[in-house]
Every structure is written in C-alpha cells, then in structure tokens.
$ cat coords_12.pdb   # PDB, C-alpha atoms
ATOM      1  CA  ALA A  22      98.335  84.578  91.590  1.00  0.00           C
ATOM      2  CA  GLN A  23     100.267  87.744  92.181  1.00  0.00           C
ATOM      3  CA  SER A  24     101.277  89.146  95.569  1.00  0.00           C
ATOM      4  CA  VAL A  25     102.964  92.290  96.864  1.00  0.00           C
ATOM      5  CA  THR A  26     105.282  92.686  99.836  1.00  0.00           C
ATOM      6  CA  GLN A  27     106.081  96.060 101.326  1.00  0.00           C
ATOM      7  CA  LEU A  28     109.034  95.374 103.539  1.00  0.00           C
ATOM      8  CA  ASP A  29     108.625  98.300 105.930  1.00  0.00           C
ATOM      9  CA  SER A  30     105.396  99.035 107.763  1.00  0.00           C
ATOM     10  CA  GLN A  31     106.727 102.388 108.923  1.00  0.00           C
ATOM     11  CA  VAL A  32     109.551 104.642 107.707  1.00  0.00           C
ATOM     12  CA  PRO A  33     110.564 107.718 109.735  1.00  0.00           C
ATOM     13  CA  VAL A  34     112.706 110.287 107.928  1.00  0.00           C
ATOM     14  CA  PHE A  35     113.768 113.849 108.579  1.00  0.00           C
ATOM     15  CA  GLU A  36     112.363 116.660 106.456  1.00  0.00           C
ATOM     16  CA  GLU A  37     114.441 117.374 103.307  1.00  0.00           C
ATOM     17  CA  ALA A  38     116.167 113.983 103.574  1.00  0.00           C
ATOM     18  CA  PRO A  39     115.859 111.357 100.812  1.00  0.00           C
ATOM     19  CA  VAL A  40     113.567 108.366 101.238  1.00  0.00           C
ATOM     20  CA  GLU A  41     113.094 104.939  99.667  1.00  0.00           C
ATOM     21  CA  LEU A  42     109.997 102.801 100.208  1.00  0.00           C
ATOM     22  CA  ARG A  43     110.534  99.198  99.233  1.00  0.00           C
ATOM     23  CA  CYS A  44     108.171  96.970  97.272  1.00  0.00           C
ATOM     24  CA  ASN A  45     108.651  93.436  96.000  1.00  0.00           C
ATOM     25  CA  TYR A  46     106.138  91.442  93.989  1.00  0.00           C
ATOM     26  CA  SER A  47     105.627  87.905  92.806  1.00  0.00           C
ATOM     27  CA  SER A  48     103.824  86.831  89.677  1.00  0.00           C
ATOM     28  CA  SER A  49     104.070  84.094  87.093  1.00  0.00           C
ATOM     29  CA  VAL A  50     103.333  86.486  84.223  1.00  0.00           C
ATOM     30  CA  SER A  51     104.179  90.012  83.176  1.00  0.00           C
ATOM     31  CA  VAL A  52     102.853  92.588  85.585  1.00  0.00           C
ATOM     32  CA  TYR A  53     101.989  96.230  85.713  1.00  0.00           C
ATOM     33  CA  LEU A  54     103.020  98.140  88.821  1.00  0.00           C
ATOM     34  CA  PHE A  55     101.658 101.126  90.706  1.00  0.00           C
ATOM     35  CA  TRP A  56     102.256 103.276  93.743  1.00  0.00           C
ATOM     36  CA  TYR A  57      99.308 104.949  95.467  1.00  0.00           C
ATOM     37  CA  VAL A  58      99.260 107.451  98.331  1.00  0.00           C
ATOM     38  CA  GLN A  59      96.537 107.679 100.956  1.00  0.00           C
ATOM     39  CA  TYR A  60      96.263 110.757 103.150  1.00  0.00           C
ATOM     40  CA  PRO A  61      94.301 110.483 106.416  1.00  0.00           C
ATOM     41  CA  ASN A  62      90.563 110.018 105.896  1.00  0.00           C
ATOM     42  CA  GLN A  63      90.923 110.063 102.129  1.00  0.00           C
ATOM     43  CA  GLY A  64      90.846 107.618  99.243  1.00  0.00           C
ATOM     44  CA  LEU A  65      93.815 106.520  97.169  1.00  0.00           C
ATOM     45  CA  GLN A  66      95.636 108.750  94.700  1.00  0.00           C
ATOM     46  CA  LEU A  67      97.853 107.348  91.964  1.00  0.00           C
ATOM     47  CA  LEU A  68     101.481 108.530  92.320  1.00  0.00           C
ATOM     48  CA  LEU A  69     102.980 106.696  89.362  1.00  0.00           C
ATOM     49  CA  LYS A  70     102.730 103.565  87.257  1.00  0.00           C
ATOM     50  CA  TYR A  71     104.878 101.218  85.229  1.00  0.00           C
ATOM     51  CA  LEU A  72     103.148  99.667  82.221  1.00  0.00           C
ATOM     52  CA  SER A  73     106.026  99.232  79.763  1.00  0.00           C
ATOM     53  CA  GLY A  74     109.093 100.992  78.365  1.00  0.00           C
ATOM     54  CA  SER A  75     111.641 102.796  80.519  1.00  0.00           C
ATOM     55  CA  THR A  76     112.136 101.117  83.874  1.00  0.00           C
ATOM     56  CA  LEU A  77     112.506 104.473  85.627  1.00  0.00           C
ATOM     57  CA  VAL A  78     109.163 106.148  85.990  1.00  0.00           C
ATOM     58  CA  LYS A  79     108.460 109.597  87.328  1.00  0.00           C
ATOM     59  CA  GLY A  80     105.278 110.529  89.112  1.00  0.00           C
ATOM     60  CA  ILE A  81     103.619 113.403  90.854  1.00  0.00           C
ATOM     61  CA  ASN A  82     105.004 115.348  93.809  1.00  0.00           C
ATOM     62  CA  GLY A  83     108.621 114.576  92.892  1.00  0.00           C
ATOM     63  CA  PHE A  84     108.381 110.802  93.378  1.00  0.00           C
ATOM     64  CA  GLU A  85     109.994 108.254  91.091  1.00  0.00           C
ATOM     65  CA  ALA A  86     110.261 104.470  91.033  1.00  0.00           C
ATOM     66  CA  GLU A  87     112.429 101.924  89.282  1.00  0.00           C
ATOM     67  CA  PHE A  88     111.165  98.599  87.956  1.00  0.00           C
ATOM     68  CA  ASN A  89     113.710  95.817  88.393  1.00  0.00           C
ATOM     69  CA  LYS A  90     112.486  92.624  86.773  1.00  0.00           C
ATOM     70  CA  SER A  91     115.376  90.426  87.927  1.00  0.00           C
ATOM     71  CA  GLN A  92     114.844  91.431  91.546  1.00  0.00           C
ATOM     72  CA  THR A  93     111.046  91.654  91.170  1.00  0.00           C
ATOM     73  CA  SER A  94     111.114  95.046  92.841  1.00  0.00           C
ATOM     74  CA  PHE A  95     109.509  98.437  92.320  1.00  0.00           C
ATOM     75  CA  HIS A  96     110.973 100.747  94.977  1.00  0.00           C
ATOM     76  CA  LEU A  97     109.661 104.290  95.398  1.00  0.00           C
ATOM     77  CA  ARG A  98     112.081 107.166  95.957  1.00  0.00           C
ATOM     78  CA  LYS A  99     112.072 110.879  96.610  1.00  0.00           C
ATOM     79  CA  PRO A 100     115.293 112.911  96.879  1.00  0.00           C
ATOM     80  CA  SER A 101     113.936 115.391  99.434  1.00  0.00           C
ATOM     81  CA  VAL A 102     110.769 114.888 101.465  1.00  0.00           C
ATOM     82  CA  HIS A 103     108.441 117.520 102.828  1.00  0.00           C
ATOM     83  CA  ILE A 104     106.195 117.435 105.872  1.00  0.00           C
ATOM     84  CA  SER A 105     103.207 117.209 103.506  1.00  0.00           C
ATOM     85  CA  ASP A 106     104.456 113.806 102.277  1.00  0.00           C
ATOM     86  CA  THR A 107     103.341 112.239 105.563  1.00  0.00           C
ATOM     87  CA  ALA A 108     100.869 109.568 104.443  1.00  0.00           C
ATOM     88  CA  GLU A 109     100.338 105.861 103.822  1.00  0.00           C
ATOM     89  CA  TYR A 110     101.912 104.539 100.620  1.00  0.00           C
ATOM     90  CA  PHE A 111     100.679 101.430  98.832  1.00  0.00           C
ATOM     91  CA  CYS A 112     102.382  99.409  96.133  1.00  0.00           C
ATOM     92  CA  ALA A 113     100.020  97.516  93.816  1.00  0.00           C
ATOM     93  CA  VAL A 114     100.290  95.070  90.940  1.00  0.00           C
ATOM     94  CA  SER A 115      98.017  93.968  88.126  1.00  0.00           C
ATOM     95  CA  GLU A 116      98.348  91.284  85.492  1.00  0.00           C
ATOM     96  CA  SER A 117      95.937  93.144  83.201  1.00  0.00           C
ATOM     97  CA  PHE A 118      97.228  95.914  80.968  1.00  0.00           C
ATOM     98  CA  GLY A 119      96.187  99.388  81.921  1.00  0.00           C
ATOM     99  CA  SER A 120      95.902 101.363  85.087  1.00  0.00           C
ATOM    100  CA  GLY A 121      92.519 100.219  86.246  1.00  0.00           C
ATOM    101  CA  GLY A 122      93.573  96.732  87.193  1.00  0.00           C
ATOM    102  CA  GLY A 123      91.448  94.906  84.667  1.00  0.00           C
ATOM    103  CA  ALA A 124      88.793  92.391  85.621  1.00  0.00           C
ATOM    104  CA  ASP A 125      90.977  90.980  88.399  1.00  0.00           C
ATOM    105  CA  GLY A 126      91.467  94.315  90.096  1.00  0.00           C
ATOM    106  CA  LEU A 127      94.630  95.540  91.722  1.00  0.00           C
ATOM    107  CA  THR A 128      96.549  93.546  94.339  1.00  0.00           C
ATOM    108  CA  PHE A 129      97.895  95.834  97.043  1.00  0.00           C
ATOM    109  CA  GLY A 130     100.619  95.507  99.628  1.00  0.00           C
ATOM    110  CA  LYS A 131      99.911  96.233 103.283  1.00  0.00           C
ATOM    111  CA  GLY A 132     101.240  99.757 103.033  1.00  0.00           C
ATOM    112  CA  THR A 133     104.137 101.795 104.401  1.00  0.00           C
ATOM    113  CA  HIS A 134     103.489 104.695 106.737  1.00  0.00           C
ATOM    114  CA  LEU A 135     105.896 107.510 105.880  1.00  0.00           C
ATOM    115  CA  ILE A 136     106.521 109.733 108.888  1.00  0.00           C
ATOM    116  CA  ILE A 137     108.315 113.015 108.263  1.00  0.00           C
ATOM    117  CA  GLN A 138     110.126 114.413 111.275  1.00  0.00           C
ATOM    118  CA  PRO A 139     110.862 118.165 111.385  1.00  0.00           C
TER
ATOM    119  CA  GLU B   5      84.524 116.736  85.619  1.00  0.00           C
ATOM    120  CA  THR B   6      83.151 115.269  88.835  1.00  0.00           C
ATOM    121  CA  GLY B   7      85.167 112.799  90.889  1.00  0.00           C
ATOM    122  CA  VAL B   8      84.131 109.511  92.470  1.00  0.00           C
ATOM    123  CA  THR B   9      81.694 110.042  95.307  1.00  0.00           C
ATOM    124  CA  GLN B  10      80.634 107.502  97.904  1.00  0.00           C
ATOM    125  CA  SER B  11      77.795 107.517 100.408  1.00  0.00           C
ATOM    126  CA  PRO B  12      77.407 107.382 103.288  1.00  0.00           C
ATOM    127  CA  THR B  13      80.823 108.369 104.670  1.00  0.00           C
ATOM    128  CA  HIS B  14      80.307 106.482 107.919  1.00  0.00           C
ATOM    129  CA  LEU B  15      77.769 104.048 109.271  1.00  0.00           C
ATOM    130  CA  ILE B  16      77.316 101.622 112.123  1.00  0.00           C
ATOM    131  CA  LYS B  17      75.445  98.342 111.754  1.00  0.00           C
ATOM    132  CA  THR B  18      74.674  95.415 114.001  1.00  0.00           C
ATOM    133  CA  ARG B  19      75.944  91.913 113.337  1.00  0.00           C
ATOM    134  CA  GLY B  20      73.499  90.009 111.125  1.00  0.00           C
ATOM    135  CA  GLN B  21      72.077  93.099 109.455  1.00  0.00           C
ATOM    136  CA  GLN B  22      72.342  94.032 105.788  1.00  0.00           C
ATOM    137  CA  VAL B  23      74.003  97.149 104.378  1.00  0.00           C
ATOM    138  CA  THR B  24      74.059  98.984 101.026  1.00  0.00           C
ATOM    139  CA  LEU B  25      76.903 101.285 100.052  1.00  0.00           C
ATOM    140  CA  ARG B  26      76.702 103.595  97.052  1.00  0.00           C
ATOM    141  CA  CYS B  27      79.191 104.918  94.531  1.00  0.00           C
ATOM    142  CA  SER B  28      78.892 107.459  91.741  1.00  0.00           C
ATOM    143  CA  SER B  29      81.616 106.964  89.175  1.00  0.00           C
ATOM    144  CA  GLN B  30      83.663 109.718  87.603  1.00  0.00           C
ATOM    145  CA  SER B  31      82.093 111.326  84.545  1.00  0.00           C
ATOM    146  CA  GLY B  32      82.886 109.308  81.411  1.00  0.00           C
ATOM    147  CA  HIS B  33      83.888 106.146  83.278  1.00  0.00           C
ATOM    148  CA  ASN B  34      82.061 102.864  82.632  1.00  0.00           C
ATOM    149  CA  THR B  35      83.705 100.479  85.098  1.00  0.00           C
ATOM    150  CA  VAL B  36      83.430 100.352  88.867  1.00  0.00           C
ATOM    151  CA  SER B  37      85.560  98.268  91.237  1.00  0.00           C
ATOM    152  CA  TRP B  38      85.017  97.798  94.970  1.00  0.00           C
ATOM    153  CA  TYR B  39      87.724  97.212  97.564  1.00  0.00           C
ATOM    154  CA  GLN B  40      87.694  96.403 101.277  1.00  0.00           C
ATOM    155  CA  GLN B  41      90.434  97.984 103.411  1.00  0.00           C
ATOM    156  CA  ALA B  42      90.648  96.598 106.941  1.00  0.00           C
ATOM    157  CA  LEU B  43      92.453  98.678 109.551  1.00  0.00           C
ATOM    158  CA  GLY B  44      96.215  98.606 108.981  1.00  0.00           C
ATOM    159  CA  GLN B  45      95.892  96.625 105.744  1.00  0.00           C
ATOM    160  CA  GLY B  46      96.003  97.336 102.053  1.00  0.00           C
ATOM    161  CA  PRO B  47      92.805  97.351  99.996  1.00  0.00           C
ATOM    162  CA  GLN B  48      91.503  93.966  98.862  1.00  0.00           C
ATOM    163  CA  PHE B  49      89.620  93.577  95.584  1.00  0.00           C
ATOM    164  CA  ILE B  50      85.989  92.538  96.067  1.00  0.00           C
ATOM    165  CA  PHE B  51      84.596  92.708  92.521  1.00  0.00           C
ATOM    166  CA  GLN B  52      84.292  94.806  89.387  1.00  0.00           C
ATOM    167  CA  TYR B  53      81.260  95.804  87.347  1.00  0.00           C
ATOM    168  CA  TYR B  54      81.308  96.609  83.640  1.00  0.00           C
ATOM    169  CA  ARG B  55      78.219  97.183  81.486  1.00  0.00           C
ATOM    170  CA  GLU B  56      76.000  96.364  84.462  1.00  0.00           C
ATOM    171  CA  GLU B  57      77.478  92.889  84.949  1.00  0.00           C
ATOM    172  CA  GLU B  58      80.033  91.477  87.358  1.00  0.00           C
ATOM    173  CA  ASN B  59      83.247  91.362  85.367  1.00  0.00           C
ATOM    174  CA  GLY B  60      85.623  89.882  87.933  1.00  0.00           C
ATOM    175  CA  ARG B  61      85.623  88.904  91.591  1.00  0.00           C
ATOM    176  CA  GLY B  62      88.136  88.539  94.395  1.00  0.00           C
ATOM    177  CA  ASN B  63      88.093  86.069  97.252  1.00  0.00           C
ATOM    178  CA  PHE B  64      84.890  87.249  98.928  1.00  0.00           C
ATOM    179  CA  PRO B  65      81.806  85.152  99.817  1.00  0.00           C
ATOM    180  CA  PRO B  66      78.486  85.455  97.948  1.00  0.00           C
ATOM    181  CA  ARG B  67      76.958  87.576 100.717  1.00  0.00           C
ATOM    182  CA  PHE B  68      78.962  90.397  99.104  1.00  0.00           C
ATOM    183  CA  SER B  69      77.002  91.393  96.008  1.00  0.00           C
ATOM    184  CA  GLY B  70      76.681  94.405  93.808  1.00  0.00           C
ATOM    185  CA  LEU B  71      74.832  96.246  91.113  1.00  0.00           C
ATOM    186  CA  GLN B  72      75.770  98.682  88.392  1.00  0.00           C
ATOM    187  CA  PHE B  73      73.157 100.984  86.939  1.00  0.00           C
ATOM    188  CA  PRO B  74      72.805 102.386  83.377  1.00  0.00           C
ATOM    189  CA  ASN B  75      74.416 105.655  84.523  1.00  0.00           C
ATOM    190  CA  TYR B  76      77.408 103.538  85.695  1.00  0.00           C
ATOM    191  CA  SER B  77      76.831 104.232  89.383  1.00  0.00           C
ATOM    192  CA  SER B  78      77.098 101.204  91.614  1.00  0.00           C
ATOM    193  CA  GLU B  79      75.995  99.628  94.871  1.00  0.00           C
ATOM    194  CA  LEU B  80      77.758  97.197  97.167  1.00  0.00           C
ATOM    195  CA  ASN B  81      75.460  95.043  99.291  1.00  0.00           C
ATOM    196  CA  VAL B  82      76.609  92.966 102.224  1.00  0.00           C
ATOM    197  CA  ASN B  83      74.207  90.521 103.864  1.00  0.00           C
ATOM    198  CA  ALA B  84      74.460  88.865 107.269  1.00  0.00           C
ATOM    199  CA  LEU B  85      77.096  91.296 108.506  1.00  0.00           C
ATOM    200  CA  GLU B  86      79.951  89.918 110.584  1.00  0.00           C
ATOM    201  CA  LEU B  87      82.263  91.789 112.945  1.00  0.00           C
ATOM    202  CA  ASP B  88      85.162  91.220 110.505  1.00  0.00           C
ATOM    203  CA  ASP B  89      83.269  93.181 107.853  1.00  0.00           C
ATOM    204  CA  SER B  90      84.218  96.349 109.733  1.00  0.00           C
ATOM    205  CA  ALA B  91      86.458  98.220 107.271  1.00  0.00           C
ATOM    206  CA  LEU B  92      86.811 101.120 104.880  1.00  0.00           C
ATOM    207  CA  TYR B  93      85.066 100.272 101.610  1.00  0.00           C
ATOM    208  CA  LEU B  94      86.561 101.976  98.573  1.00  0.00           C
ATOM    209  CA  CYS B  95      85.025 102.402  95.175  1.00  0.00           C
ATOM    210  CA  ALA B  96      87.159 103.047  92.093  1.00  0.00           C
ATOM    211  CA  SER B  97      86.008 103.962  88.614  1.00  0.00           C
ATOM    212  CA  SER B  98      87.856 103.634  85.324  1.00  0.00           C
ATOM    213  CA  LEU B  99      87.194 103.539  81.613  1.00  0.00           C
ATOM    214  CA  ALA B 100      87.436 100.139  79.989  1.00  0.00           C
ATOM    215  CA  GLY B 101      88.203  99.944  76.332  1.00  0.00           C
ATOM    216  CA  ARG B 102      91.150  98.190  74.683  1.00  0.00           C
ATOM    217  CA  THR B 103      92.917  98.890  77.964  1.00  0.00           C
ATOM    218  CA  PHE B 104      91.818 100.128  81.318  1.00  0.00           C
ATOM    219  CA  THR B 105      92.525 103.731  82.173  1.00  0.00           C
ATOM    220  CA  GLU B 106      93.664 104.945  85.576  1.00  0.00           C
ATOM    221  CA  ALA B 107      91.375 103.980  88.436  1.00  0.00           C
ATOM    222  CA  PHE B 108      90.135 106.958  90.435  1.00  0.00           C
ATOM    223  CA  PHE B 109      89.175 106.199  94.031  1.00  0.00           C
ATOM    224  CA  GLY B 110      86.479 107.712  96.190  1.00  0.00           C
ATOM    225  CA  GLN B 111      87.055 108.695  99.809  1.00  0.00           C
ATOM    226  CA  GLY B 112      85.417 105.525 101.032  1.00  0.00           C
ATOM    227  CA  THR B 113      82.675 104.463 103.417  1.00  0.00           C
ATOM    228  CA  ARG B 114      83.751 103.524 106.942  1.00  0.00           C
ATOM    229  CA  LEU B 115      81.575 100.606 108.077  1.00  0.00           C
ATOM    230  CA  THR B 116      81.569  99.555 111.718  1.00  0.00           C
ATOM    231  CA  VAL B 117      79.789  96.326 112.677  1.00  0.00           C
ATOM    232  CA  VAL B 118      78.970  95.939 116.372  1.00  0.00           C
TER
END

$ encode --input "coords_12.pdb" --output "structure tokens"
Amino acid sequence: AQSVTQLDSQVPVFEEAPVELRCNYSSSVSVYLFWYVQYPNQGLQLLLKYLSGSTLVKGINGFEAEFNKSQTSFHLRKPSVHISDTAEYFCAVSESFGSGGGADGLTFGKGTHLIIQP
Amino acid sequence: ETGVTQSPTHLIKTRGQQVTLRCSSQSGHNTVSWYQQALGQGPQFIFQYYREEENGRGNFPPRFSGLQFPNYSSELNVNALELDDSALYLCASSLAGRTFTEAFFGQGTRLTVV
C-alpha cells in the first residue's frame, strides 16, 4: 500500500520569498503524484500532477514540482510567494493511471500549512 | 459547466443517529469518490462509485455506505454515528474511461457529532 509523508506541518515564509514544500512517498509500484491546495472553508483544487514524462512539472499559480524516483520525493516549489498563497497544501499519490485516483482513490499526506508573512 | 456541489454545508447530529450527505457531480462526469477529512488531517478515501456500483473502498466500516444515481449524483450514508465521525466530508467527481480524468472536489459537508 502506498503512503505519503509531508515533512512540515507548517511553513512560514515572507512575501516574495521562495518556498519549498516537501513530500515523500512510498509504494511498491509505479505511482502518479499530485499536489492540491485547500483554501479556508473550501474544497481541494489541483495545482499540478505527475503522470509520466518530464520529471519537472509546472502547475497553476506559478507552482512547480520535481519528481525524484530515487529519493521517492515530489517537492513543491514557488520562486516568489504572494499573500494569496496562504493555504493548506496536500501531496497525494495514486497507483492508478489518471488524475482521478482510480478505484483505490487518492492517498493524501497530512498537509502543510503555508503561512505568508508580509 | 457546473461544478461539484454538496449539501448540506454543515450539520450537527447526535451519536447513534444516521446521516445522509449528497453530492452532484460535475457535468459530464460519471464517477464519484467520497473522502473523510478529520481536523488537521489529509482526506482519507472512503469509496468510489462508477455506473451506480461501488468500484473501490478504503478502510472504512460497513456503516459507511453509498449510492450513485442514473444522473451520476451520489449519496453517502453513515449509520450509528460516532463522535470520531465528526469531519469534513468531500465529494470528488471524475470521468472514467481508459484513464481517469482530473478529480474535481466539492466544498464539502462539515459534520459534527455530539
């Protein structure tokens, strides 16, 4: 069974500074990886996904992530954060091809709260 | 194109009662998945419905059950509510074909069990 570890429960960063949110996964098979964002009192929105191909994937709102198979990591980065990026960020994994998670659903980490300080 | 809508947005139930949560999937989607998100945790997969049948299930007891209707909307039913069932319940819809498309999430239903 797959699992996801988000190493930081909370990351404070100053506005316009770069940020990296860390995600490690474990699985015995090939996986597909996702980052979701959750704003207060809202559902989840897909930021980006890795299904195959280039290990560097770009998403919405200026975010990007790099898949590293040897380190089983999928860290999320943004070169310059804005106050509006304050939210909860979730890394997720699926062993079923496609973005919907297949019949086994998506396995999520516990989330990282990104706090942007002015 | 309408998004995923869930109802109600909030509700409070007493331990031992039963509850039904509803989800309307995004237009054109045929698959609905339900997740439970406890406070301070990531969402946990409950089950998925495809073509009106349960297509996959996470580690949840049988008192969590569901339905999918011909219009692809869905219900999540929880019997014999326990205090630990207090959580945000998220519904996600996607289109299943040769692969699954992106899952779009609703805003969730906040269930409080007292």

$ closest_residue --input "coords_12.pdb" --among "A:Gln63, A:Ser24, A:Ser30, A:Ser91" --to "chain B" --atoms "all atoms listed in the file"
A:Gln63

$ residues_around --input "coords_12.pdb" --residues "Arg114 of chain B" --least-positions-apart "4" --cutoff "6 Å" --atoms "only C-alpha atoms" --output "CSV table (one decimal) with C-alpha atoms, in the coordinates of the input"
chain,number,residue,atom,x,y,z
B,14,HIS,CA,80.3,106.5,107.9
B,91,ALA,CA,86.5,98.2,107.3
B,92,LEU,CA,86.8,101.1,104.9

$ interface_residues --input "coords_12.pdb" --of "chain B" --to "chain A" --cutoff "12 Å" --atoms "all atoms listed in the file" --output "ChimeraX atom specification"
/B:7-10,13-14,33-54,57-63,92-114

$ residues_near_point --input "coords_12.pdb" --point "(83.4, 102.9, 116.0)" --cutoff "9 Å" --atoms "only C-alpha atoms" --output "MDAnalysis selection string"
chainID B and resid 15:16 115:118

$ write_last_selection --input "coords_12.pdb" --atoms "C-alpha atoms" --output "PDB file, in the frame of the given file"
ATOM      1  CA  LEU B  15      77.769 104.048 109.271  1.00  0.00           C
ATOM      2  CA  ILE B  16      77.316 101.622 112.123  1.00  0.00           C
ATOM      3  CA  LEU B 115      81.575 100.606 108.077  1.00  0.00           C
ATOM      4  CA  THR B 116      81.569  99.555 111.718  1.00  0.00           C
ATOM      5  CA  VAL B 117      79.789  96.326 112.677  1.00  0.00           C
ATOM      6  CA  VAL B 118      78.970  95.939 116.372  1.00  0.00           C
TER       7      VAL B 118
END

$ residues_near_point --input "coords_12.pdb" --point "(108.4, 99.2, 112.8)" --cutoff "12 Å" --atoms "all atoms listed in the file" --output "compact mmCIF listing (two decimals) with C-alpha atoms, in the coordinates of the input"
# COMPACT_ATOMS: atom_id res chain seq x y z
CA LEU A 28 109.03 95.37 103.54
CA ASP A 29 108.62 98.30 105.93
CA SER A 30 105.40 99.04 107.76
CA GLN A 31 106.73 102.39 108.92
CA VAL A 32 109.55 104.64 107.71
CA PRO A 33 110.56 107.72 109.74
CA THR A 133 104.14 101.80 104.40
CA HIS A 134 103.49 104.70 106.74
CA LEU A 135 105.90 107.51 105.88
CA ILE A 136 106.52 109.73 108.89

$ resolve_selection --input "coords_12.pdb" --expression "the PyMOL selection byres ((chain A and resi 107) around 7)" --output "ChimeraX atom specification"
/A:104-106,108,135-137

$ write_last_selection --input "coords_12.pdb" --atoms "C-alpha atoms" --output "PDB file, in the coordinates of the input"
ATOM      1  CA  ILE A 104     106.195 117.435 105.872  1.00  0.00           C
ATOM      2  CA  SER A 105     103.207 117.209 103.506  1.00  0.00           C
ATOM      3  CA  ASP A 106     104.456 113.806 102.277  1.00  0.00           C
ATOM      4  CA  ALA A 108     100.869 109.568 104.443  1.00  0.00           C
ATOM      5  CA  LEU A 135     105.896 107.510 105.880  1.00  0.00           C
ATOM      6  CA  ILE A 136     106.521 109.733 108.888  1.00  0.00           C
ATOM      7  CA  ILE A 137     108.315 113.015 108.263  1.00  0.00           C
TER       8      ILE A 137
END

$ atom_distance --input "coords_12.pdb" --atom1 "atom CA of Gly20 of chain B" --atom2 "atom CA of Ser69 of chain B"
15.6 Å

$ resolve_selection --input "coords_12.pdb" --expression "the PyMOL selection byres ((chain A and resi 46) around 7)" --output "number ranges by chain"
A: 24-26, 44-45, 47-48, 93-94
